[in-house]
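A.B. asks: Before anything else, here's the structure in question.
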Amino acid sequence: MVAGTVHAALLTPDEASRLTGMTLTSSSVASKPSPALAADPSSCAIAVGPTTQAVFGKDWTAFLSATYQDAGGLGNYTMTQVVGVYPDREKAGALLRTLTAGLRSCSSAVRTDQDGRGSKWTYRIDGTTSNSVSWTATQDGGNGWACYRQAQLKGKSLLQVGICEAGDGRSTVQALTRRVAAEVRG
């Protein structure tokens with residue numbers, strides 16, 4: 001990994017395991033955002049797919065997404081890291097504003113994944129600054145299953161970290177976001 005690249009910005013499974021206290025293994029890696037997920041209502045596409053093209057678009061100059069899950073492979077705990085680098089800070093900032101507006105306009109939606117499975121989620125913004133937004137997505141009827149996410153603008157990059165678990169991952173996401181942001185080069 002070369003310092004300053006999107007590859008160097010993301011935590012390895014071993015680093016993520018140390019920071020989360022969970023044994024994590026790599027589940028998937030992508031060099032471009034996946035297609036937007038279907039949402040009902042359709043105006044909630046950003047909320048239901050915050051790591052997809054609905055947010056990260058197609059104008060990036062570098063992109064990397066990595067998802068890790070618990071070592072048992074059961075999906076009881078997942079961590080997602082995404083870094084998109086854009087031509088300039090204005091473009092990256094516009095995407096962060098689009099993400100924040102999309103979250104504000106959607107309190108709940110049914111999300112349909114690429115396998116055609118639907119689930120209902122509620123969304124709550126936990127905090128915003130001019131350079132970041134943090135939010136919680138809770139699956140209705142999911143026995144406490146929720147995703148805690150934070151997106152941050154750094155230079156001409158938009159990064160995002162998410163933890164999904166049946167617990168409270170807010171403080172872990174904040175710590176992970178600080179760590180990934182420290183590795184992102186303007």
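Just so we're on the same page: first chain in the structure tokens is A, next is B, and so on; residues restart at 1 for each chain, and ligands are numbered from 1 in the order they show up.
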At a cut-off of 8 Å, using only C-alpha atoms, what residues contact Thr52 (chain A)? Leave out same-chain residues fewer than 5 positions from it and give the result as a ChimeraX atom specification.
C.D. replies: /A:33-37,57
A.B. asks: Produce a file of the selected residues containing C-alpha atoms, as a compact mmCIF listing (two decimals), in the first residue's frame.
C.D. replies:
# COMPACT_ATOMS: atom_id res chain seq x y z
CA PRO A 33 -19.68 2.29 -5.76
CA SER A 34 -22.37 -0.32 -6.20
CA PRO A 35 -25.60 0.66 -7.97
CA ALA A 36 -28.19 2.49 -5.89
CA LEU A 37 -30.58 0.26 -3.95
CA GLY A 57 -21.79 9.08 -7.80
A.B. asks: Residues at most 8 Å from Cys44 (chain A), counting only C-alpha atoms, excluding those fewer than 5 positions away in the same chain, as a ChimeraX atom specification?
C.D. replies: /A:39,102-103,105-106,108-109
A.B. asks: Generate a file of the selected residues that holds C-alpha atoms, formatted as a PDB file, in the first residue's frame.
C.D. replies:
ATOM      1  CA  ALA A  39     -36.189   2.343  -1.910  1.00  0.00           C
ATOM      2  CA  GLY A 102     -31.117  12.850   1.713  1.00  0.00           C
ATOM      3  CA  LEU A 103     -30.943  11.652   5.313  1.00  0.00           C
ATOM      4  CA  SER A 105     -35.712  13.997   4.059  1.00  0.00           C
ATOM      5  CA  CYS A 106     -36.170  10.311   4.907  1.00  0.00           C
ATOM      6  CA  SER A 108     -38.177   5.617   7.188  1.00  0.00           C
ATOM      7  CA  ALA A 109     -38.192   3.467   4.071  1.00  0.00           C
TER       8      ALA A 109
END
A.B. asks: Region 149-156 of chain A: which residues within 7 Å, counting only C-alpha atoms, same-chain residues fewer than 3 positions away excluded, as a ChimeraX atom specification?
C.D. replies: /A:85-89,92-93,96,131-136,159-163,173,177,186
A.B. asks: Find the residues around Tyr77 (chain A) up to 12 Å (only C-alpha atoms counted), leave out those fewer than 5 positions away in its own chain, and share them as a list in words.
C.D. replies: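 Near Tyr77 (chain A), the qualifying residues are Ser17, Thr20, Gly21, Met22, Thr23, Leu24, Thr25, Ser27, Thr67, Tyr68, Gln69, Asp70, Ala71, Gly72, Trp145, Ala146, Cys147, Tyr148, Gly162, Ile163, Cys164, Glu165, Ala166, Gly167, Asp168 and Gly169 of chain A.
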A.B. asks: Identify all residues of region 18-177 of chain A in helix (DSSP H, G or I) (DSSP on the backbone) and supply them as a VMD selection string.
C.D. replies: chain A and resid 18 to 20 42 to 48 53 to 56 89 to 104 170 to 177
A.B. asks: Would you return as a list in words the members of region 67-128 of chain A that DSSP assigns to strand (DSSP E) on this structure's backbone?
C.D. replies: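 Here are the strand (DSSP E) residues of region 67-128 of chain A: Thr67, Tyr68, Gln69, Asp70, Tyr77, Thr78, Met79, Thr80, Gln81, Val82, Val83, Gly84, Val85, Ser108, Ala109, Val110, Arg111, Thr112, Gly118, Ser119, Lys120, Trp121, Thr122, Tyr123, Arg124, Ile125, Asp126, Gly127 and Thr128 of chain A.
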A.B. asks: What is the distance between CA of Met79 (chain A) and CA of Val180 (chain A), in Å to one decimal?
C.D. replies: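 Atom-to-atom, CA of Met79 (chain A) and CA of Val180 (chain A) are spaced 12.6 Å apart.
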A.B. asks: In terms of the shortest atom-to-atom distance over only C-alpha atoms, which of A:Ala45, A:Val29, A:Val184, A:Ile125 is closest to Arg170 (chain A)?
C.D. replies: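 Between A:Ala45, A:Val29, A:Val184, A:Ile125, the residue approaching Arg170 (chain A) most closely is A:Ile125.
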A.B. asks: So how far away is CA of Gly49 (chain A) from CA of Ala16 (chain A), in Å?
C.D. replies: 22.5 Å
A.B. asks: Just want the 12 Å neighbourhood of Lys32 (chain A), counted on only C-alpha atoms, with same-chain residues fewer than 6 positions away dropped. Output as a count of residues only.
C.D. replies: 20
